[in-house]
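Peer 1: Below you'll find the structure I mean.
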Amino acid sequence: MEVKKRENWGSTLGFVLAIAGSAIGLGNVWKFPYITGQNGGGAFVLVYLFCIFLLGMPIMLCEMAIGRKTRQNPYGAFRMLEVRRSRLSKVLGWLLIGMGLVMLCSGKWGFALLTFAASALVLKLGFAAVGLFSLFAAMLILSYYSVIGGWIVEYVYKAFSGQLNVPDVESAEKLFSDFIGNPMQVTRWHLLFLGLAALMIWCGIRNGIERWSKILMPTLFFLLVALLLRGVTLSGASKGVAFFLTPDFSKLTAAGALEALGHAFYTLSLGMAITITYGSYLGRDKNIFTSALWVVLLDTGAALLAGLAIFPAVFAMGFDPSDGPSLIFKVLPATFYNFPGGFGWLWAGLFFLMLTIAALTSAASLFECGVTFLIDQLGLKRSVAVILCYVGIGGFGVLTSVSCATWEHLPGVHGVLEYVFGEVKSKNWFVLLDYVTSNWMLPLSGLFTAIFVGWVWTTRKAGRELRISAGSLVDENLITYLSGFRGEPLYRSSRNHGLTVMTLWGLLVRFVAPVVILALFLQSIGVNLG
Ligand code: PHE
Ligand code: NA
């Protein structure tokens with residue numbers, strides 16, 4: 001059989017823009033501004049930046065290193081790196097069995113069943129189970145992400161066709177609920193949006209994703225800046241800037257800090273197979289560290305720009321920004337309509353266009369994970385893989401579009417879930433999917449990735465992949481020992497061989513990340529840590 005050479009990104013810029021395309025999404029434009037508003041503005045931003053640089057970026061480096069080293073989809077990648085079944089994976093497997101037993105005893109047999117299934121997978125496959133798990137998470141996320149993407153495209157259409165002229169929040173609200181109350185319509189836009197994402201990856205990495213990202217990402221930033229300039233020049237805008245950026249430490253709670261941590265993961269697209277997949281197409285001559293740094297800076301920049309575009313406008317038009325999740329579809333249309341000069345529809349159109357781009361490049365990255373997996377593991381042709389994923393995810397996403405139509409439970413599905421898990425409460429399918437993926441699956445896969453790189457593959461070998469520069473690390477002390485870099489030739493020219501970037505990275509990955517993520521996870525599933 002002829003072995004096909006794996007495609008590479010054409011340039012570092014292309015790679016950075018593609019990953020930034022994945023990272024910059026609804027999380028930046030929609031979620032970040034409102035959680036900042038709810039958690040004390042500037043104070044929250046500080047905590048968030050801390051989390052991004054001390055946890056997000058180190059894990060991103062891990063994922064890129066795993067991908068590039070193995071040049072495989074996440075499942076194949078973990079399998080390849082775990083040369084012999086590690087003892088750690090056995091420990092994890094048995095730990096899961098123990099957890100399953102505890103759940104069984106407390107009567108949660110649905111969760112117990114899931115946990116037993118997971119333990120069987122881990123005992124059978126080792127850490128490759130983590131790869132599968134993150135892929136599964138990615139596909140679940142795509143199935144509802146694409147539905148929201150569909151709403152956004154519909155709003156572009158509404159804006160330019162003049163249907164979005166709503167003077168106040170109440171009428172915007174009515175418009176929104178009329179729209180999502182129509183499942184046929186929502187499904188149509190969902191399938192259209194997923195189709196656009198499929199189109200982006202149809203021609204592969206270099207001619208597909210990379211080419212599109214190079215056009216779309218600059219457009220996105222251009223639109224963001226245009227919106228920002230319009231927003232801050234409205235009279236009364238300064239109140240919005242103050243709301244967004246003035247630190248109010250009294251509003252910052254422990255829960256808020258944890259939210260910042262969770263969001264750091266979400267916003268950088270970590271734990272969902274994406275960075276491993278994209279990294280697997282990165283050439284050996286490219287520098288992972290600088291790429292990751294750029295991605296982090298672009299993502300953070302986009303989040304700050306979005307906040308500065310949205311809040312000044314909302315305040316200047318006299319609306320209430322504390323509305324949370326519904327801000328975008330309810331408050332913003334009314335805000336734009338009231339812009340002086342009468343071109344509100346245009347600004348609304350540009351805003352939703354910007355949002356479409358942000359969501360589309362993120363959806364494409366999720367889509368690519370499934371496609372790369374099918375190509376690697378089953379040897380399918382790209383076109384076949386894309387079509388298969390489209391049909392599967394598109395079909396599954398219909399559940400979400402229907403459940404949003406009623407904001408109620410899906411009759412059959414919910415009954416089954418309730419019966420099995422016993423505590424699904426009033427969450428509809430869409431809310432449930434979002435909750436389970438962001439609060440359970442992403443932290444878990446991030447946790448296992450950190451443990452894997454830190455203790456199984458080892459930071460020493462992963463560090464070689466990061467290759468900041470070649471040379472030798474002369475001085476050895478407790479810190480270099482703990483970080484896994486003892487005796488490792490890494491630096492040529494560093495004069496101070498104490499706590500360098502790489503040893504810091506090693507410590508963060510081996511100790512800090514696992515502990516902090518575990519704490520976040522326990523907290524989010526409701527274990528009170530005092
Ligand atoms: N990082 C994305 C964001 O900030 C989140 C995301 C990306 C979610 C890709 C799913 C898929 O919006
Ligand atoms: Na993001």
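Residue numbering restarts at 1 in every chain; chains get A, B, ... in the order shown in the structure tokens, and ligands count up from 1 in that same order.
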Could I get the residue neighbourhood of ligand 2 at 6 Å, counting only C-alpha atoms and all ligand atoms, as an mmCIF file with N, CA and C atoms, in the first residue's frame?
Peer 2:
```cif
data_model
loop_
_atom_site.group_PDB
_atom_site.id
_atom_site.type_symbol
_atom_site.label_atom_id
_atom_site.label_comp_id
_atom_site.auth_asym_id
_atom_site.auth_seq_id
_atom_site.Cartn_x
_atom_site.Cartn_y
_atom_site.Cartn_z
ATOM 1 N N ALA A 23 -9.917 29.208 18.107
ATOM 2 C CA ALA A 23 -9.995 29.765 19.458
ATOM 3 C C ALA A 23 -10.976 30.933 19.530
ATOM 4 N N ILE A 24 -10.912 31.811 18.548
ATOM 5 C CA ILE A 24 -11.778 32.990 18.595
ATOM 6 C C ILE A 24 -13.164 32.602 18.113
ATOM 7 N N GLY A 25 -14.099 32.644 19.025
ATOM 8 C CA GLY A 25 -15.446 32.206 18.664
ATOM 9 C C GLY A 25 -16.462 32.861 19.563
ATOM 10 N N GLY A 27 -17.099 32.208 22.409
ATOM 11 C CA GLY A 27 -16.521 32.384 23.733
ATOM 12 C C GLY A 27 -15.954 33.783 23.926
ATOM 13 N N ASN A 28 -15.349 34.321 22.882
ATOM 14 C CA ASN A 28 -14.756 35.648 22.995
ATOM 15 C C ASN A 28 -15.794 36.745 22.882
ATOM 16 N N THR A 267 -12.005 28.990 25.836
ATOM 17 C CA THR A 267 -11.697 30.006 24.845
ATOM 18 C C THR A 267 -10.489 29.618 23.995
ATOM 19 N N LEU A 268 -9.572 28.824 24.543
ATOM 20 C CA LEU A 268 -8.422 28.411 23.742
ATOM 21 C C LEU A 268 -8.681 27.089 23.015
ATOM 22 N N ASP A 299 -6.240 35.579 20.693
ATOM 23 C CA ASP A 299 -7.516 35.227 21.314
ATOM 24 C C ASP A 299 -7.883 36.230 22.395
#
```
Peer 1: Counting only C-alpha atoms and all ligand atoms, what residues are within 9 Å of ligand 1, given as an mmCIF file with C-alpha atoms, in the first residue's frame?
Peer 2:
```
data_model
loop_
_atom_site.group_PDB
_atom_site.id
_atom_site.type_symbol
_atom_site.label_atom_id
_atom_site.label_comp_id
_atom_site.auth_asym_id
_atom_site.auth_seq_id
_atom_site.Cartn_x
_atom_site.Cartn_y
_atom_site.Cartn_z
ATOM 1 C CA ALA A 20 -6.740 31.413 16.287
ATOM 2 C CA GLY A 21 -9.765 30.855 14.078
ATOM 3 C CA SER A 22 -10.716 27.926 16.241
ATOM 4 C CA ALA A 23 -9.995 29.765 19.458
ATOM 5 C CA ILE A 24 -11.778 32.990 18.595
ATOM 6 C CA GLY A 25 -15.446 32.206 18.664
ATOM 7 C CA LEU A 26 -18.612 32.730 20.594
ATOM 8 C CA GLY A 27 -16.521 32.384 23.733
ATOM 9 C CA ASN A 28 -14.756 35.648 22.995
ATOM 10 C CA VAL A 29 -17.510 37.709 21.540
ATOM 11 C CA TRP A 30 -20.466 36.520 23.506
ATOM 12 C CA LYS A 31 -19.401 34.797 26.707
ATOM 13 C CA PHE A 32 -16.302 36.685 27.783
ATOM 14 C CA ALA A 138 -15.677 17.636 19.908
ATOM 15 C CA ILE A 141 -20.022 20.269 20.792
ATOM 16 C CA LEU A 142 -20.189 20.640 17.032
ATOM 17 C CA TYR A 145 -22.436 24.843 18.067
ATOM 18 C CA HIS A 263 -13.268 29.864 30.380
ATOM 19 C CA ALA A 264 -9.518 29.907 29.747
ATOM 20 C CA PHE A 265 -9.821 26.324 28.550
ATOM 21 C CA TYR A 266 -12.916 26.890 26.540
ATOM 22 C CA THR A 267 -11.697 30.006 24.845
ATOM 23 C CA LEU A 268 -8.422 28.411 23.742
ATOM 24 C CA SER A 269 -10.276 25.356 22.386
ATOM 25 C CA LEU A 270 -8.359 23.039 24.710
ATOM 26 C CA MET A 272 -11.426 19.029 22.539
ATOM 27 C CA ILE A 274 -8.530 20.424 18.085
ATOM 28 C CA ASP A 299 -7.516 35.227 21.314
ATOM 29 C CA ALA A 303 -11.978 39.081 23.636
ATOM 30 C CA ALA A 358 -15.881 33.701 14.389
ATOM 31 C CA ALA A 359 -18.281 30.783 14.757
ATOM 32 C CA THR A 361 -13.794 29.001 11.823
ATOM 33 C CA SER A 362 -14.432 27.354 15.209
ATOM 34 C CA ALA A 363 -16.943 24.916 13.756
ATOM 35 C CA ALA A 364 -14.538 24.039 10.957
ATOM 36 C CA SER A 365 -11.874 23.106 13.508
ATOM 37 C CA LEU A 366 -14.250 20.746 15.305
ATOM 38 C CA PHE A 367 -15.341 19.291 11.994
ATOM 39 C CA SER A 438 -17.945 22.310 29.019
#
```
Peer 1: So, with only C-alpha atoms as the atoms that count, which of A:Leu140, A:Ala316, A:Val456, A:Asn39 lies closest to Phe396 in chain A?
Peer 2: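 Between A:Leu140, A:Ala316, A:Val456, A:Asn39, the residue approaching Phe396 in chain A most closely is A:Leu140.
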Peer 1: If we count only C-alpha atoms, what is near range 127-134 of chain A at a cut-off of 8 Å, once residues fewer than 6 positions away on the same chain are taken out, given as a compact mmCIF listing (two decimals) with C-alpha atoms, in the first residue's frame?
Peer 2:
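Written out: around-v2.txt:
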```txt
# COMPACT_ATOMS: atom_id res chain seq x y z
CA PRO A 74 -5.74 12.31 19.01
CA TYR A 75 -6.66 8.64 19.33
CA GLY A 76 -3.72 7.46 17.25
CA ALA A 77 -1.47 10.03 18.91
CA PHE A 78 -1.96 8.86 22.49
CA ARG A 79 -1.67 5.26 21.35
CA GLU A 82 2.16 5.33 25.25
CA SER A 89 -3.45 4.16 32.99
CA LEU A 121 -12.06 1.68 27.80
CA GLY A 271 -9.39 19.54 25.67
CA MET A 272 -11.43 19.03 22.54
CA ALA A 273 -8.93 17.34 20.25
CA MET A 441 -15.73 16.58 29.40
CA LEU A 442 -13.34 19.43 28.65
CA SER A 445 -9.70 15.59 28.99
CA PHE A 448 -5.65 13.64 31.53
CA THR A 449 -3.69 15.40 28.82
CA PHE A 452 -0.14 12.16 30.29
```
Peer 1: Report as a PDB file with C-alpha atoms, in the first residue's frame all protein, DNA and RNA residues lying within 9 Å of range 210-226 of chain A, evaluated on only C-alpha atoms, omitting residues in the same chain fewer than 4 positions from it.
Peer 2:
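As a result, out-v2.pdb now contains:
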```
ATOM      1  CA  TRP A   9       0.512  23.892   6.920  1.00  0.00           C
ATOM      2  CA  GLY A  10       1.992  26.203   4.319  1.00  0.00           C
ATOM      3  CA  SER A  11       3.374  28.640   6.860  1.00  0.00           C
ATOM      4  CA  LEU A  13       1.187  32.318   9.897  1.00  0.00           C
ATOM      5  CA  GLY A  14      -1.358  29.969   8.347  1.00  0.00           C
ATOM      6  CA  PHE A  15      -1.142  27.614  11.311  1.00  0.00           C
ATOM      7  CA  LEU A  17      -4.440  31.952  12.026  1.00  0.00           C
ATOM      8  CA  ALA A  18      -6.169  28.585  11.761  1.00  0.00           C
ATOM      9  CA  ILE A  19      -5.794  27.847  15.458  1.00  0.00           C
ATOM     10  CA  ALA A  20      -6.740  31.413  16.287  1.00  0.00           C
ATOM     11  CA  GLY A  21      -9.765  30.855  14.078  1.00  0.00           C
ATOM     12  CA  MET A 200     -14.038  25.275   4.518  1.00  0.00           C
ATOM     13  CA  ILE A 201     -12.333  21.957   5.128  1.00  0.00           C
ATOM     14  CA  GLY A 204      -7.855  19.926   3.060  1.00  0.00           C
ATOM     15  CA  ILE A 205      -5.442  21.759   5.298  1.00  0.00           C
ATOM     16  CA  ARG A 206      -3.378  23.999   3.083  1.00  0.00           C
ATOM     17  CA  ARG A 230     -18.276  53.141  16.239  1.00  0.00           C
ATOM     18  CA  GLY A 231     -19.071  52.019  19.782  1.00  0.00           C
ATOM     19  CA  ALA A 302     -10.227  39.501  20.300  1.00  0.00           C
ATOM     20  CA  LEU A 305     -11.849  44.138  21.493  1.00  0.00           C
ATOM     21  CA  ALA A 306     -15.254  42.468  21.620  1.00  0.00           C
ATOM     22  CA  ALA A 309     -17.080  47.086  21.028  1.00  0.00           C
ATOM     23  CA  LEU A 350     -21.646  43.792  10.189  1.00  0.00           C
ATOM     24  CA  PHE A 351     -21.753  42.620  13.783  1.00  0.00           C
ATOM     25  CA  LEU A 353     -21.247  38.885   9.955  1.00  0.00           C
ATOM     26  CA  MET A 354     -18.267  39.193  12.266  1.00  0.00           C
ATOM     27  CA  LEU A 355     -19.883  36.679  14.570  1.00  0.00           C
ATOM     28  CA  ILE A 357     -16.889  34.312  10.790  1.00  0.00           C
ATOM     29  CA  ALA A 358     -15.881  33.701  14.389  1.00  0.00           C
ATOM     30  CA  THR A 361     -13.794  29.001  11.823  1.00  0.00           C
TER      31      THR A 361
END
```
Peer 1: Could you pull out the residues in range 188-364 of chain A that DSSP calls helix (DSSP H, G or I) from the backbone, as a VMD selection string?
Peer 2: chain A and resid 188 to 202 205 to 232 238 to 245 249 to 251 254 to 267 274 to 279 288 to 316 321 to 337 344 to 364
Peer 1: Those residues with C-alpha atoms, as a short mmCIF file (atom, residue, chain, number, x, y, z; two decimals), in the first residue's frame please?
Peer 2:
```
data_model
loop_
_atom_site.label_atom_id
_atom_site.label_comp_id
_atom_site.auth_asym_id
_atom_site.auth_seq_id
_atom_site.Cartn_x
_atom_site.Cartn_y
_atom_site.Cartn_z
CA ARG A 188 -32.50 24.71 7.85
CA TRP A 189 -30.04 27.35 9.05
CA HIS A 190 -28.18 24.78 11.13
CA LEU A 191 -27.65 22.57 8.10
CA LEU A 192 -26.61 25.55 6.02
CA PHE A 193 -24.07 26.65 8.61
CA LEU A 194 -22.63 23.14 8.95
CA GLY A 195 -22.44 23.04 5.17
CA LEU A 196 -20.32 26.20 5.17
CA ALA A 197 -17.97 24.63 7.70
CA ALA A 198 -17.76 21.51 5.52
CA LEU A 199 -16.90 23.71 2.57
CA MET A 200 -14.04 25.27 4.52
CA ILE A 201 -12.33 21.96 5.13
CA TRP A 202 -13.33 20.25 1.89
CA ILE A 205 -5.44 21.76 5.30
CA ARG A 206 -3.38 24.00 3.08
CA ASN A 207 -5.90 24.68 0.35
CA GLY A 208 -8.91 24.57 2.62
CA ILE A 209 -8.64 25.66 6.24
CA GLU A 210 -5.44 27.64 5.83
CA ARG A 211 -6.56 29.57 2.79
CA TRP A 212 -9.94 30.38 4.32
CA SER A 213 -8.41 31.40 7.65
CA LYS A 214 -6.05 33.80 5.94
CA ILE A 215 -9.02 35.59 4.43
CA LEU A 216 -11.51 35.30 7.25
CA MET A 217 -9.37 36.14 10.28
CA PRO A 218 -8.13 39.53 9.06
CA THR A 219 -11.71 40.33 8.05
CA LEU A 220 -12.85 39.42 11.54
CA PHE A 221 -10.36 41.76 13.18
CA PHE A 222 -11.17 44.51 10.73
CA LEU A 223 -14.88 44.25 11.55
CA LEU A 224 -14.16 44.13 15.29
CA VAL A 225 -12.11 47.29 15.12
CA ALA A 226 -14.73 49.06 13.02
CA LEU A 227 -17.43 48.13 15.53
CA LEU A 228 -15.22 49.22 18.39
CA LEU A 229 -14.56 52.62 16.83
CA ARG A 230 -18.28 53.14 16.24
CA GLY A 231 -19.07 52.02 19.78
CA VAL A 232 -16.60 54.18 21.67
CA SER A 238 -17.35 55.95 28.53
CA LYS A 239 -19.71 54.38 31.06
CA GLY A 240 -19.47 51.14 29.11
CA VAL A 241 -15.68 51.23 29.03
CA ALA A 242 -15.66 51.81 32.77
CA PHE A 243 -18.11 48.97 33.35
CA PHE A 244 -15.95 46.58 31.37
CA LEU A 245 -12.54 47.52 32.67
CA PHE A 249 -12.47 43.27 43.59
CA SER A 250 -15.48 43.10 45.85
CA LYS A 251 -17.49 41.49 43.06
CA ALA A 254 -14.04 32.20 44.27
CA ALA A 255 -16.69 30.90 41.92
CA GLY A 256 -15.85 33.76 39.58
CA ALA A 257 -12.17 32.80 39.64
CA LEU A 258 -13.07 29.23 38.78
CA GLU A 259 -15.22 30.49 35.98
CA ALA A 260 -12.20 32.35 34.65
CA LEU A 261 -10.22 29.12 34.70
CA GLY A 262 -12.91 27.14 32.93
CA HIS A 263 -13.27 29.86 30.38
CA ALA A 264 -9.52 29.91 29.75
CA PHE A 265 -9.82 26.32 28.55
CA TYR A 266 -12.92 26.89 26.54
CA THR A 267 -11.70 30.01 24.84
CA ILE A 274 -8.53 20.42 18.09
CA THR A 275 -5.02 21.54 18.91
CA ILE A 276 -3.69 17.99 18.68
CA THR A 277 -5.34 17.57 15.28
CA TYR A 278 -4.12 20.89 13.91
CA GLY A 279 -0.69 20.33 15.44
CA ILE A 288 5.53 25.62 18.60
CA PHE A 289 6.23 28.03 21.41
CA THR A 290 5.95 31.22 19.39
CA SER A 291 2.89 29.88 17.57
CA ALA A 292 1.11 29.19 20.85
CA LEU A 293 2.06 32.60 22.18
CA TRP A 294 0.58 34.29 19.13
CA VAL A 295 -2.63 32.30 19.40
CA VAL A 296 -3.03 33.26 23.03
CA LEU A 297 -2.38 36.92 22.28
CA LEU A 298 -4.80 36.99 19.35
CA ASP A 299 -7.52 35.23 21.31
CA THR A 300 -7.17 37.54 24.29
CA GLY A 301 -7.00 40.53 21.99
CA ALA A 302 -10.23 39.50 20.30
CA ALA A 303 -11.98 39.08 23.64
CA LEU A 304 -10.92 42.53 24.81
CA LEU A 305 -11.85 44.14 21.49
CA ALA A 306 -15.25 42.47 21.62
CA GLY A 307 -15.91 43.76 25.13
CA LEU A 308 -14.87 47.26 24.09
CA ALA A 309 -17.08 47.09 21.03
CA ILE A 310 -20.17 45.84 22.83
CA PHE A 311 -20.39 47.53 26.23
CA PRO A 312 -19.86 51.16 25.20
CA ALA A 313 -22.59 50.78 22.57
CA VAL A 314 -25.02 49.13 24.98
CA PHE A 315 -24.47 51.80 27.64
CA ALA A 316 -24.59 54.67 25.19
CA PRO A 321 -25.84 44.90 29.93
CA SER A 322 -26.26 42.55 32.87
CA ASP A 323 -28.59 40.48 30.77
CA GLY A 324 -26.04 37.69 30.40
CA PRO A 325 -26.46 35.07 27.73
CA SER A 326 -29.30 36.76 25.89
CA LEU A 327 -27.28 39.95 25.35
CA ILE A 328 -26.40 39.22 21.77
CA PHE A 329 -29.79 38.33 20.36
CA LYS A 330 -31.96 40.57 22.48
CA VAL A 331 -30.12 43.66 23.65
CA LEU A 332 -27.76 44.18 20.72
CA PRO A 333 -30.35 44.36 17.91
CA ALA A 334 -32.16 47.09 19.83
CA THR A 335 -28.85 48.81 20.56
CA PHE A 336 -27.91 48.94 16.90
CA TYR A 337 -31.35 50.12 15.85
CA GLY A 344 -28.33 50.65 12.55
CA TRP A 345 -29.20 47.81 10.20
CA LEU A 346 -25.76 48.08 8.64
CA TRP A 347 -23.96 47.93 11.98
CA ALA A 348 -26.12 45.03 13.07
CA GLY A 349 -25.38 43.25 9.82
CA LEU A 350 -21.65 43.79 10.19
CA PHE A 351 -21.75 42.62 13.78
CA PHE A 352 -23.50 39.37 12.96
CA LEU A 353 -21.25 38.89 9.95
CA MET A 354 -18.27 39.19 12.27
CA LEU A 355 -19.88 36.68 14.57
CA THR A 356 -20.57 34.31 11.68
CA ILE A 357 -16.89 34.31 10.79
CA ALA A 358 -15.88 33.70 14.39
CA ALA A 359 -18.28 30.78 14.76
CA LEU A 360 -17.53 29.32 11.34
CA THR A 361 -13.79 29.00 11.82
CA SER A 362 -14.43 27.35 15.21
CA ALA A 363 -16.94 24.92 13.76
CA ALA A 364 -14.54 24.04 10.96
#
```
Peer 1: Using only C-alpha atoms, which protein or nucleic acid residues come within 12 Å of Trp505 in chain A? Drop anything in the same chain fewer than 5 positions from it, and give the result as an MDAnalysis selection string.
Peer 2: chainID A and resid 53:62 289 450 453:454 459:460 462:463 466 468 479:480 482:485 499:500 510:513
Peer 1: Please, what distance in Å, to one decimal, runs between CA of Val169 in chain A and CA of Gly342 in chain A?
Peer 2: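 Distance between the two atoms: 17.7 Å.
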Peer 1: Just give me the gap between CA of Gln163 in chain A and CA of Gly341 in chain A in Å, one decimal is fine.
Peer 2: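 Atom-to-atom, CA of Gln163 in chain A to CA of Gly341 in chain A, that is 18.2 Å.
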